[in-house]
Structures are given as structure tokens and as C-alpha cells.
$ cat final36.cif   # mmCIF, C-alpha atoms
data_start
loop_
_atom_site.label_atom_id
_atom_site.label_comp_id
_atom_site.auth_asym_id
_atom_site.auth_seq_id
_atom_site.Cartn_x
_atom_site.Cartn_y
_atom_site.Cartn_z
CA MET A 1 78.83 -59.49 -70.74
CA ASP A 2 81.08 -57.57 -73.19
CA ASP A 3 80.97 -54.67 -70.78
CA HIS A 4 82.19 -56.89 -67.90
CA ARG A 5 84.98 -58.46 -69.98
CA LEU A 6 86.18 -55.04 -70.99
CA GLN A 7 86.26 -53.96 -67.38
CA ALA A 8 88.21 -57.05 -66.34
CA GLY A 9 90.74 -56.37 -69.08
CA ASP A 10 90.99 -52.73 -68.02
CA LEU A 11 91.77 -53.80 -64.48
CA ALA A 12 94.51 -56.15 -65.66
CA ARG A 13 96.05 -53.46 -67.91
CA LEU A 14 96.00 -51.07 -64.97
CA ALA A 15 98.26 -53.52 -63.16
CA GLY A 16 100.51 -53.75 -66.23
CA HIS A 17 99.31 -57.13 -67.54
CA ASP A 18 98.23 -57.93 -71.08
CA GLY A 19 97.96 -61.71 -70.73
CA PRO A 20 94.91 -63.83 -69.92
CA VAL A 21 92.61 -62.57 -67.19
CA THR A 22 90.52 -64.66 -64.80
CA VAL A 23 87.47 -63.10 -63.15
CA LEU A 24 87.51 -64.30 -59.51
CA LYS A 25 84.50 -62.42 -58.25
CA ARG A 26 81.84 -60.15 -59.68
CA THR A 27 79.41 -58.87 -57.08
CA LYS A 28 79.49 -55.30 -55.81
CA VAL A 29 83.22 -55.67 -56.33
CA LEU A 30 85.06 -56.93 -59.39
CA VAL A 31 88.14 -59.03 -58.67
CA VAL A 32 90.37 -60.38 -61.44
CA ARG A 33 93.62 -62.29 -61.53
CA ALA A 34 96.23 -61.45 -64.14
CA GLY A 35 99.55 -63.23 -63.92
CA ASP A 36 100.90 -62.97 -60.40
CA VAL A 37 98.64 -60.13 -59.27
CA VAL A 38 95.01 -59.81 -58.22
CA VAL A 39 93.22 -56.54 -59.00
CA LYS A 40 90.09 -55.47 -57.18
CA ALA A 41 87.68 -52.70 -58.17
CA HIS A 42 85.94 -51.55 -54.99
CA PRO A 43 82.22 -50.68 -54.93
CA PRO A 44 81.32 -47.24 -56.31
CA GLY A 45 81.17 -44.73 -53.49
CA THR A 46 83.90 -46.39 -51.38
CA ASP A 47 85.43 -43.79 -49.06
CA GLU A 48 89.03 -43.26 -50.15
CA GLU A 49 90.32 -42.07 -46.79
CA SER A 50 88.90 -45.13 -45.00
CA LEU A 51 90.26 -47.49 -47.63
CA ARG A 52 93.72 -45.88 -47.45
CA ALA A 53 93.75 -46.23 -43.66
CA ARG A 54 92.80 -49.90 -43.98
CA LEU A 55 95.42 -50.59 -46.64
CA ASP A 56 98.08 -48.96 -44.43
CA ALA A 57 96.94 -51.14 -41.53
CA ALA A 58 97.12 -54.28 -43.69
CA ARG A 59 100.63 -53.31 -44.82
CA ALA A 60 101.72 -53.18 -41.16
CA LEU A 61 100.24 -56.62 -40.38
CA ASP A 62 103.02 -58.76 -41.82
CA GLY A 63 102.63 -62.43 -41.06
CA VAL A 64 98.89 -61.87 -40.45
CA MET A 65 97.47 -60.11 -43.48
CA LEU A 66 98.43 -59.88 -47.14
CA ALA A 67 100.00 -56.49 -47.94
CA PRO A 68 98.66 -54.49 -50.93
CA LEU A 69 100.89 -53.50 -53.86
CA GLY A 70 99.04 -50.33 -54.78
CA LEU A 71 95.90 -48.19 -54.97
CA GLU A 72 94.69 -46.70 -58.25
CA ARG A 73 91.57 -45.11 -59.66
CA LEU A 74 89.73 -46.24 -62.81
CA ASP A 75 86.50 -44.70 -64.15
CA GLY A 76 85.77 -43.27 -60.72
CA ARG A 77 86.27 -46.65 -59.00
CA LEU A 78 88.99 -47.22 -56.43
CA VAL A 79 91.16 -50.16 -57.50
CA THR A 80 93.62 -52.07 -55.32
CA ILE A 81 96.42 -54.34 -56.55
CA TRP A 82 97.58 -57.40 -54.59
CA PRO A 83 100.07 -60.22 -54.88
CA ALA A 84 98.17 -63.34 -55.98
CA GLY A 85 97.92 -65.87 -53.17
CA GLU A 86 96.57 -69.40 -53.48
CA PRO A 87 93.00 -69.37 -52.17
CA LEU A 88 91.29 -72.19 -50.33
CA THR A 89 88.83 -73.95 -52.65
CA MET A 90 85.52 -75.74 -52.19
CA ASP A 91 87.33 -78.91 -53.26
CA ASP A 92 89.81 -78.41 -50.38
CA VAL A 93 86.87 -78.12 -48.00
CA GLU A 94 85.13 -81.20 -49.34
CA ALA A 95 88.39 -83.15 -49.14
CA GLY A 96 88.54 -82.29 -45.42
CA ALA A 97 91.57 -80.02 -45.93
CA THR A 98 90.07 -76.86 -44.40
CA PRO A 99 92.79 -75.17 -42.32
CA TRP A 100 90.50 -74.38 -39.37
CA GLU A 101 93.45 -74.18 -36.97
CA GLU A 102 95.29 -71.70 -39.21
CA GLY A 103 92.16 -69.56 -39.42
CA GLY A 104 91.86 -69.53 -35.64
CA ARG A 105 95.52 -68.67 -35.15
CA LEU A 106 95.42 -65.83 -37.71
CA LEU A 107 92.38 -64.27 -36.04
CA ALA A 108 94.00 -64.60 -32.60
CA ARG A 109 97.12 -62.84 -33.88
CA LEU A 110 95.08 -60.11 -35.56
CA HIS A 111 93.08 -59.45 -32.39
CA ALA A 112 96.32 -59.08 -30.41
CA ARG A 113 97.68 -56.28 -32.63
CA PRO A 114 97.24 -52.65 -31.61
CA VAL A 115 94.63 -50.61 -33.49
CA PRO A 116 96.35 -48.02 -35.72
CA ALA A 117 95.17 -44.44 -35.26
CA GLY A 118 92.63 -43.17 -37.77
CA LEU A 119 91.17 -46.55 -38.65
CA PRO A 120 87.36 -46.47 -39.10
CA PRO A 121 85.25 -48.95 -37.05
CA ALA A 122 85.11 -52.58 -38.19
CA GLY A 123 82.43 -53.14 -40.79
CA GLY A 124 80.94 -56.35 -39.37
CA PRO A 125 77.90 -55.10 -37.41
CA SER A 126 76.75 -52.76 -40.20
CA ARG A 127 76.17 -55.75 -42.49
CA LEU A 128 73.18 -56.91 -40.46
CA PRO A 129 70.84 -53.94 -41.05
CA ARG A 130 71.87 -53.98 -44.72
CA ALA A 131 70.91 -57.65 -45.04
CA MET A 132 67.57 -56.97 -43.32
CA ALA A 133 66.84 -54.00 -45.57
CA ASP A 134 67.39 -56.24 -48.61
CA LEU A 135 64.61 -58.76 -47.72
CA ALA A 136 61.76 -56.76 -49.26
CA PRO A 137 63.58 -55.55 -52.43
CA ALA A 138 64.71 -59.15 -53.07
CA GLY A 139 61.07 -60.23 -53.05
CA VAL A 140 61.31 -62.66 -50.12
CA PRO A 141 57.76 -63.91 -49.39
CA ALA A 142 56.36 -62.64 -46.09
CA PRO A 143 55.99 -66.10 -44.45
CA VAL A 144 59.66 -66.84 -45.22
CA ALA A 145 60.82 -63.47 -43.87
CA ALA A 146 58.62 -63.55 -40.75
CA PRO A 147 60.83 -65.67 -38.42
CA ILE A 148 63.90 -63.71 -39.53
CA LEU A 149 62.24 -60.36 -38.77
CA GLU A 150 60.99 -61.71 -35.45
CA ALA A 151 64.48 -62.88 -34.43
CA TYR A 152 65.97 -59.56 -35.58
CA ALA A 153 63.64 -57.72 -33.21
CA THR A 154 64.98 -59.73 -30.23
CA LEU A 155 68.67 -58.90 -30.83
CA PRO A 156 70.51 -56.78 -28.28
CA PRO A 157 72.52 -53.82 -29.61
CA ALA A 158 76.03 -54.73 -30.78
CA ARG A 159 78.68 -54.46 -28.08
CA GLU A 160 81.38 -51.85 -28.53
CA GLY A 161 84.92 -53.14 -28.66
CA GLY A 162 88.40 -51.83 -29.14
CA ALA A 163 90.25 -54.76 -30.70
CA LEU A 164 91.56 -54.87 -34.24
CA THR A 165 89.02 -57.06 -36.06
CA HIS A 166 88.71 -58.30 -39.63
CA GLY A 167 85.01 -57.53 -39.91
CA ASP A 168 84.08 -60.04 -42.64
CA TRP A 169 85.82 -63.32 -41.91
CA HIS A 170 84.94 -66.52 -43.77
CA LEU A 171 86.90 -69.22 -45.62
CA GLY A 172 87.27 -67.01 -48.70
CA GLN A 173 89.36 -64.63 -46.59
CA ILE A 174 92.49 -66.76 -46.22
CA VAL A 175 95.13 -67.48 -48.86
CA ARG A 176 98.43 -69.34 -48.98
CA HIS A 177 101.22 -66.93 -49.72
CA GLY A 178 104.95 -67.14 -49.13
CA GLY A 179 104.71 -70.55 -47.51
CA GLY A 180 102.00 -69.72 -44.98
CA TRP A 181 98.38 -68.69 -44.66
CA LEU A 182 97.40 -65.01 -44.49
CA LEU A 183 94.18 -63.08 -44.06
CA ILE A 184 93.03 -61.04 -47.06
CA ASP A 185 90.52 -58.23 -47.68
CA PRO A 186 90.89 -55.36 -45.20
CA ASP A 187 87.72 -53.63 -46.50
CA ASP A 188 85.99 -54.07 -43.12
CA LEU A 189 89.13 -53.97 -40.94
CA GLY A 190 88.87 -51.77 -37.86
CA PRO A 191 88.32 -51.53 -34.14
CA GLY A 192 85.35 -53.51 -32.88
CA ASP A 193 84.17 -56.47 -30.81
CA PRO A 194 86.54 -59.26 -31.93
CA ALA A 195 83.90 -61.91 -31.15
CA TRP A 196 82.24 -60.81 -34.41
CA ASP A 197 85.09 -62.45 -36.33
CA LEU A 198 84.18 -65.80 -34.73
CA ALA A 199 80.44 -65.18 -34.89
CA ARG A 200 79.89 -66.33 -38.47
CA PRO A 201 81.35 -69.85 -37.94
CA ALA A 202 79.63 -69.87 -34.53
CA ALA A 203 76.33 -69.21 -36.31
CA TRP A 204 77.03 -72.00 -38.83
CA PHE A 205 77.70 -74.32 -35.90
CA ALA A 206 74.57 -73.25 -33.99
CA ALA A 207 72.45 -73.74 -37.12
CA GLY A 208 73.70 -77.32 -37.41
CA LEU A 209 75.58 -76.62 -40.65
CA LEU A 210 79.17 -76.69 -39.42
CA ALA A 211 80.23 -79.99 -37.86
CA PRO A 212 80.97 -79.67 -34.12
CA ASP A 213 84.48 -81.08 -34.67
CA ASP A 214 85.32 -78.36 -37.22
CA TRP A 215 83.97 -75.65 -34.95
CA GLU A 216 86.02 -77.02 -32.04
CA ARG A 217 89.17 -77.07 -34.17
CA LEU A 218 88.75 -73.39 -35.01
CA LEU A 219 87.86 -72.30 -31.49
CA THR A 220 90.47 -74.44 -29.73
CA ALA A 221 93.26 -73.15 -32.01
CA TYR A 222 92.03 -69.58 -31.51
CA LEU A 223 92.16 -69.93 -27.73
CA ALA A 224 95.46 -71.83 -27.75
CA ALA A 225 97.00 -68.98 -29.78
CA GLY A 226 96.00 -66.54 -27.05
CA GLY A 227 92.81 -65.28 -28.72
CA THR A 228 91.10 -62.76 -26.46
CA ALA A 229 87.66 -62.36 -28.06
CA VAL A 230 86.08 -65.10 -25.92
CA SER A 231 86.73 -66.62 -22.52
CA ALA A 232 88.20 -70.13 -22.51
CA ASP A 233 85.87 -71.42 -19.78
CA ASP A 234 82.67 -70.20 -21.46
CA PRO A 235 83.22 -68.80 -24.97
CA TRP A 236 79.47 -68.45 -25.53
CA ARG A 237 79.32 -65.72 -22.90
CA GLU A 238 80.87 -63.39 -25.50
CA LEU A 239 79.77 -65.31 -28.61
CA ASP A 240 76.06 -65.63 -27.95
CA ALA A 241 74.95 -62.12 -28.97
CA PRO A 242 77.10 -61.73 -32.11
CA ALA A 243 76.33 -65.34 -33.18
CA ARG A 244 72.59 -64.58 -32.90
CA ALA A 245 73.12 -61.48 -35.02
CA LEU A 246 75.10 -63.42 -37.64
CA THR A 247 72.46 -66.16 -37.72
CA VAL A 248 69.81 -63.56 -38.54
CA GLN A 249 72.09 -61.88 -41.10
CA LEU A 250 73.01 -65.16 -42.81
CA ALA A 251 69.37 -66.28 -42.88
CA ALA A 252 68.34 -62.96 -44.45
CA THR A 253 71.16 -63.11 -47.01
CA ALA A 254 70.38 -66.75 -47.91
CA VAL A 255 66.63 -66.28 -48.44
CA ALA A 256 67.22 -63.05 -50.39
CA ALA A 257 69.65 -64.87 -52.70
CA GLY A 258 67.09 -67.66 -53.14
CA ALA A 259 64.29 -65.20 -53.91
CA ARG A 260 66.46 -63.39 -56.49
CA ALA A 261 67.22 -66.75 -58.14
CA GLY A 262 63.49 -67.58 -58.13
CA GLU A 263 64.06 -70.63 -55.93
CA PRO A 264 62.60 -71.68 -52.58
CA PRO A 265 64.98 -71.60 -49.58
CA ASP A 266 67.56 -74.41 -49.83
CA ASP A 267 68.68 -76.68 -46.97
CA ALA A 268 71.25 -74.24 -45.63
CA ALA A 269 68.80 -71.33 -45.69
CA GLU A 270 66.18 -73.48 -43.95
CA ALA A 271 68.65 -74.45 -41.22
CA LEU A 272 69.38 -70.76 -40.59
CA VAL A 273 65.69 -69.79 -40.59
CA SER A 274 65.03 -72.62 -38.08
CA ALA A 275 67.81 -71.20 -35.90
CA CYS A 276 66.02 -67.81 -36.06
CA GLY A 277 62.93 -69.55 -34.68
CA ARG A 278 64.99 -71.01 -31.83
CA ILE A 279 66.48 -67.57 -31.08
CA VAL A 280 62.95 -66.20 -30.67
CA ALA A 281 61.95 -69.15 -28.45
CA ALA A 282 65.12 -68.83 -26.34
CA THR A 283 64.52 -65.10 -25.87
CA ARG A 284 60.94 -65.77 -24.75
CA ALA A 285 62.24 -68.42 -22.32
CA GLY A 286 64.74 -65.91 -21.01
CA THR A 287 67.89 -67.80 -21.93
CA MET B 288 76.71 -116.99 5.25
CA GLN B 289 76.05 -114.26 7.79
CA CYS B 290 76.19 -110.52 7.03
CA PRO B 291 79.39 -109.13 8.62
CA LYS B 292 77.53 -105.90 9.44
CA CYS B 293 74.10 -106.82 10.81
CA ARG B 294 74.37 -110.59 11.13
CA GLY B 295 71.44 -111.00 8.70
CA ARG B 296 71.26 -113.84 6.19
CA MET B 297 73.32 -113.38 2.95
CA ARG B 298 71.75 -114.58 -0.29
CA THR B 299 73.88 -115.42 -3.35
CA PHE B 300 73.23 -113.98 -6.82
CA ASP B 301 75.04 -114.56 -10.12
CA ARG B 302 75.21 -111.58 -12.40
CA ASN B 303 77.09 -112.01 -15.72
CA GLY B 304 79.49 -114.38 -14.10
CA VAL B 305 80.04 -112.21 -11.03
CA HIS B 306 79.25 -113.77 -7.66
CA ILE B 307 77.37 -111.36 -5.38
CA GLU B 308 76.23 -111.90 -1.79
CA GLN B 309 73.45 -109.62 -0.63
CA CYS B 310 72.07 -109.35 2.91
CA ASP B 311 68.28 -109.95 3.14
CA ASN B 312 68.14 -107.63 6.14
CA CYS B 313 70.29 -104.50 5.44
CA ARG B 314 70.64 -105.02 1.62
CA GLY B 315 74.43 -104.69 1.97
CA ILE B 316 76.51 -106.38 -0.76
CA PHE B 317 79.61 -108.54 -0.31
CA LEU B 318 82.02 -109.01 -3.19
CA ASP B 319 84.76 -111.62 -3.48
CA TYR B 320 88.35 -110.60 -4.23
CA GLY B 321 88.65 -109.19 -7.84
CA GLU B 322 84.92 -108.93 -8.37
CA LEU B 323 84.81 -105.16 -7.89
CA GLU B 324 87.44 -104.83 -10.69
CA THR B 325 85.43 -107.19 -12.92
CA LEU B 326 82.30 -105.09 -12.40
CA THR B 327 84.19 -101.83 -13.07
CA ASN B 328 85.61 -103.19 -16.32
CA MET B 329 82.21 -104.39 -17.45
CA GLU B 330 80.72 -101.01 -16.65
CA ALA B 331 83.39 -99.20 -18.67
CA GLN B 332 82.86 -101.50 -21.67
CA TRP B 333 79.14 -100.96 -21.54
CA ALA B 334 79.55 -97.21 -21.29
CA GLN B 335 81.83 -97.13 -24.32
CA GLN B 336 79.27 -98.97 -26.41
CA THR B 337 76.26 -97.06 -25.16
CA TYR B 338 77.10 -93.43 -24.54
CA ALA B 339 77.15 -90.87 -27.34
CA PRO B 340 80.44 -89.02 -27.89
CA PRO B 341 80.98 -86.22 -25.38
CA PRO B 342 79.47 -82.83 -26.22
CA PRO B 343 81.78 -80.17 -27.74
CA ALA B 344 84.39 -79.07 -25.21
CA HIS B 345 83.30 -75.45 -25.46
CA GLY B 346 79.55 -75.95 -25.30
CA GLY B 347 76.98 -74.22 -27.46
CA PRO B 348 74.22 -71.65 -27.27
CA ALA B 349 70.81 -72.24 -25.68
CA TRP B 350 69.27 -71.84 -29.14
CA GLY B 351 71.71 -74.25 -30.87
CA GLY B 352 70.33 -76.85 -33.21
CA GLY B 353 70.76 -80.54 -33.74
CA HIS B 354 73.37 -81.65 -36.22
CA HIS B 355 71.76 -83.55 -39.02
CA GLY B 356 73.49 -85.59 -41.67
CA GLY B 357 74.22 -84.31 -45.14
CA HIS B 358 75.63 -80.95 -44.13
CA HIS B 359 78.98 -82.13 -42.86
CA GLY B 360 81.28 -85.06 -42.35
CA GLY B 361 82.61 -84.96 -45.89
CA HIS B 362 79.39 -85.86 -47.71
CA TYR B 363 77.82 -82.64 -48.79
CA GLY B 364 75.47 -84.23 -51.31
CA HIS B 365 73.76 -82.36 -54.14
CA ARG B 366 73.39 -79.25 -52.01
CA ARG B 367 77.14 -78.71 -52.07
CA ASN B 368 76.95 -75.21 -53.40
CA SER B 369 74.36 -73.97 -50.98
CA TRP B 370 76.29 -74.83 -47.84
CA VAL B 371 79.91 -75.05 -48.97
CA GLY B 372 79.42 -71.85 -50.96
CA MET B 373 78.19 -70.14 -47.80
CA LEU B 374 81.53 -70.90 -46.14
CA PHE B 375 83.11 -68.62 -48.72
CA SER B 376 80.67 -65.72 -48.84
CA SER B 377 80.08 -62.52 -46.93
#

$ encode --input "final36.cif" --output "C-alpha cells"
Amino acid sequence: MDDHRLQAGDLARLAGHDGPVTVLKRTKVLVVRAGDVVVKAHPPGTDEESLRARLDAARALDGVMLAPLGLERLDGRLVTIWPAGEPLTMDDVEAGATPWEEGGRLLARLHARPVPAGLPPAGGPSRLPRAMADLAPAGVPAPVAAPILEAYATLPPAREGGALTHGDWHLGQIVRHGGGWLLIDPDDLGPGDPAWDLARPAAWFAAGLLAPDDWERLLTAYLAAGGTAVSADDPWRELDAPARALTVQLAATAVAAGARAGEPPDDAAEALVSACGRIVAATRAGT
Amino acid sequence: MQCPKCRGRMRTFDRNGVHIEQCDNCRGIFLDYGELETLTNMEAQWAQQTYAPPPPAHGGPAWGGGHHGGHHGGHYGHRRNSWVGMLFSS
């Protein structure tokens, strides 16, 4: 723990802050808030050229994405500095204050922007094989993993796409800043199939986790804002394949997290594993 | 009363206060003035009480699941962190 605290303090000092530091996230990345900035240490081994291209792209996306303040290096880690926005909280969500419409509009606007030259492909699809590869090391019991592996085997290859996509969109990826909502975290930003940005909420909806009304609010606002990832008359034509992939990915991630915590799959994980079973059945039935 | 179509015999029925004449021969139905509107209104009322809300405007996948209580609608229960946390994670 001392080691982590030291690192958090180092990040804050790098951004020129000596005051109190709040750790916002400590996974493969370390994100801290110090005063009016947020400092993020990227995973070891992050490609600097790719990150620079993504930061430049974010800087050009005013009104859509939060612009970075700087890029530094600390103990071999790449570190980015950001203005602190006000994130959405779980309390906001439970109070029914989730800005689904804003999320839909931001994604629609992002997908309409041209792809800057030199930007690496969006990172969304590469998360799926990583999540699958983590099942065994996490110690997920074979009977729990079986329906996920079976559904994974039915998935079609990811569609190519040339739109500017976020690559890792969820409710932690929007903040209030300067009087409006903005997307954050360009780590997976790049050209790809934009339906992948809608596929995670689509998977929540298909698993029975996200209320149909909430899903409709997001999708309707996306389409009303001119979103091009899906067709208005039948959005599931484009959504079906990436939503299947995200369902498998989210199921794998959820059961791996449970196994690491030494707990059986919780309700949300079970809902996703059930959806994997339905994906297998639907593939067999040819739908 | 004679059926205006086939001249068969009309029989009178009372259904929820609506007067209906039906022909024994061709099964044709004769309604008095205003009775069609009364029936339409009753049908609409019944439909409102009986039918489930319409399905999502944009449909769903063939492999979509049923929506069960506890995961949404503002009452997340003791599993709050499992599902609500998922909304915020990669």
C-alpha cells in the first residue's frame, strides 16, 4: 500500500500539485486527482506513438472529447495530465439521473468526425480475445466457463469499419466539464466499426440488465443526432454481431472477476452467462 | 325483425348494455345508431387494461433475454455493485 501511495503522490507532484491526492482508479492504470487536474499513469508497455496520435485526436475533438493538458514520463510509465471533470457517479445512476441522451449524442458526434491520419485502429475488438484468454488464469471453473467458450466459438469475425470510434465506451467515460458533457479516455480511440461503441449497452440490454427504456433513450438520442453506426429502421442489423461479442466479453470479464475474488458468479454475471447460452441456441437455430 | 340482407329472422342479444341484432340465417349483425362507437370505446378501454406496454421501438436481438426485476427501475437491491459497477467498467 505504501508503494501505491508513493506512486499516487509522485503523479500529483509531476502535475505540480503538493496538496491532497485522491486515487480514482488503480487497475492496470493508476488515475489520481490532485486539485483541478487528473493524472493518469498508463499501463507499462503502452506504445508512445499510438498514445500521442490519440491525444492529438482528442485535442482536435472539442465539444466531443476532453482535451489533454500534457504527456510526461515517470519511472518508464507514460503519464497523461487532464483537466478534472465531474464524473457521473453510481449515486447519479441509482437516482435515475443517467444522461443516456447525452451519451448517445456524444457518440453520434464522434462517429461523424473524420479519422485523423496516423491513428491506430480502435481498441474495442481486441478486448474480447484478451478477456477470453484470462478465463483460465483467473481460475474460472470449467462448468462456468463452458457456455462462454461455446458462445465465443459461434462469433463471426469483427467487421472492419472506417469511422472514428471511442473503443471502450461505458458510463465511466463521460464527465461534466465546462457546462456540458464530454467523452474521456482516448486510449482505444481509432478507426473501426462504430457499432462497437453501442455494443456494450446493447449487450446489457440483451442480457436483461439494462432497462428497455434506458436502452431506448440512448439509441433514440444517438439516431436523432444523426448517428450512423446503425440503421434507424433495424438497428440490430448492425448491432447483433458486436453485441454478441460484447456479451461474451462481459460474461468472461465478470466470471473472471468473481473467480479472482473467490466468489460464485453474481446476478449480473449469471445474466450474461445465460445470454451466452441463448447466443449458442440462436446460432444453432440459424437466427 | 327481418334481416335487410337475406330476409332471415333477426335475433336480439344484449352484450354489456349494447343491443345487437344478429341474423339466424347469414349471421350478419345489425347495430343501432351509436352502438358501433360504444363498442369501439369499450374495446379500447379493455385493450388499455389488458395489453402489456409496446415492445421497444427499435426491437431486440433473437437471443435477447427477459427483463427481470431487481436489475433496473431504480431498485438495484443488495447487488448494486455488481450491476451498477458494470456500467462503469471496461

$ residues_around --input "final36.cif" --residues "Pro43 of chain A" --least-positions-apart "3" --cutoff "10 Å" --atoms "all atoms listed in the file" --output "list in words"
Thr27, Lys28, Val29, Leu30, Lys40, Thr46, Asp47, Arg77, Leu78 and Val79 of chain A

$ atom_distance --input "final36.cif" --atom1 "atom CA of Pro116 of chain A" --atom2 "atom CA of His42 of chain A"
22.2 Å

$ interface_residues --input "final36.cif" --of "chain A" --to "chain B" --cutoff "7 Å" --atoms "all atoms listed in the file" --output "number ranges by chain"
A: 90, 94-96, 168, 170-172, 206-212, 216, 234-236, 240, 266, 268, 275, 278-279, 282, 287

$ axis_aligned_box --input "final36.cif" --around "segment 126-145 of chain A" --padding-each-side "5 Å" --output "JSON"
{"center_x": 66.4, "center_y": -59.8, "center_z": -46.6, "size_x": 30.8, "size_y": 24.1, "size_z": 22.9}

$ closest_residue --input "final36.cif" --among "A:Gly139, A:Gln173, A:Leu106, A:Asp134" --to "Glu263 of chain A" --atoms "only C-alpha atoms"
A:Gly139

$ residues_around --input "final36.cif" --residues "Leu246 of chain A" --least-positions-apart "2" --cutoff "8 Å" --atoms "all atoms listed in the file" --output "list in words"
Leu128, Ala199, Arg200, Ala203, Pro242, Ala243, Arg244, Val248, Gln249 and Leu250 of chain A

$ resolve_selection --input "final36.cif" --expression "the PyMOL selection byres ((chain A and resi 70) around 6)" --output "PyMOL selection string"
chain A and resi 68-69+71+80-81

$ resolve_selection --input "final36.cif" --expression "the PyMOL selection byres ((chain A and resi 108) around 9)" --output "JSON, numbers by chain"
{"A": [103, 104, 105, 106, 107, 109, 110, 111, 112, 221, 222, 223, 224, 225, 226, 227, 228, 229]}

$ atom_distance --input "final36.cif" --atom1 "atom CA of Glu72 of chain A" --atom2 "atom CA of Pro44 of chain A"
13.5 Å

$ resolve_selection --input "final36.cif" --expression "the PyMOL selection byres ((chain A and resi 195) around 8)" --output "PyMOL selection string"
chain A and resi 193-194+196-199+229-230+238-239+242

$ write_last_selection --input "final36.cif" --atoms "C-alpha atoms" --output "PDB file, in the frame of the given file"
ATOM      1  CA  ASP A 193      84.170 -56.470 -30.810  1.00  0.00           C
ATOM      2  CA  PRO A 194      86.540 -59.260 -31.930  1.00  0.00           C
ATOM      3  CA  TRP A 196      82.240 -60.810 -34.410  1.00  0.00           C
ATOM      4  CA  ASP A 197      85.090 -62.450 -36.330  1.00  0.00           C
ATOM      5  CA  LEU A 198      84.180 -65.800 -34.730  1.00  0.00           C
ATOM      6  CA  ALA A 199      80.440 -65.180 -34.890  1.00  0.00           C
ATOM      7  CA  ALA A 229      87.660 -62.360 -28.060  1.00  0.00           C
ATOM      8  CA  VAL A 230      86.080 -65.100 -25.920  1.00  0.00           C
ATOM      9  CA  GLU A 238      80.870 -63.390 -25.500  1.00  0.00           C
ATOM     10  CA  LEU A 239      79.770 -65.310 -28.610  1.00  0.00           C
ATOM     11  CA  PRO A 242      77.100 -61.730 -32.110  1.00  0.00           C
TER      12      PRO A 242
END
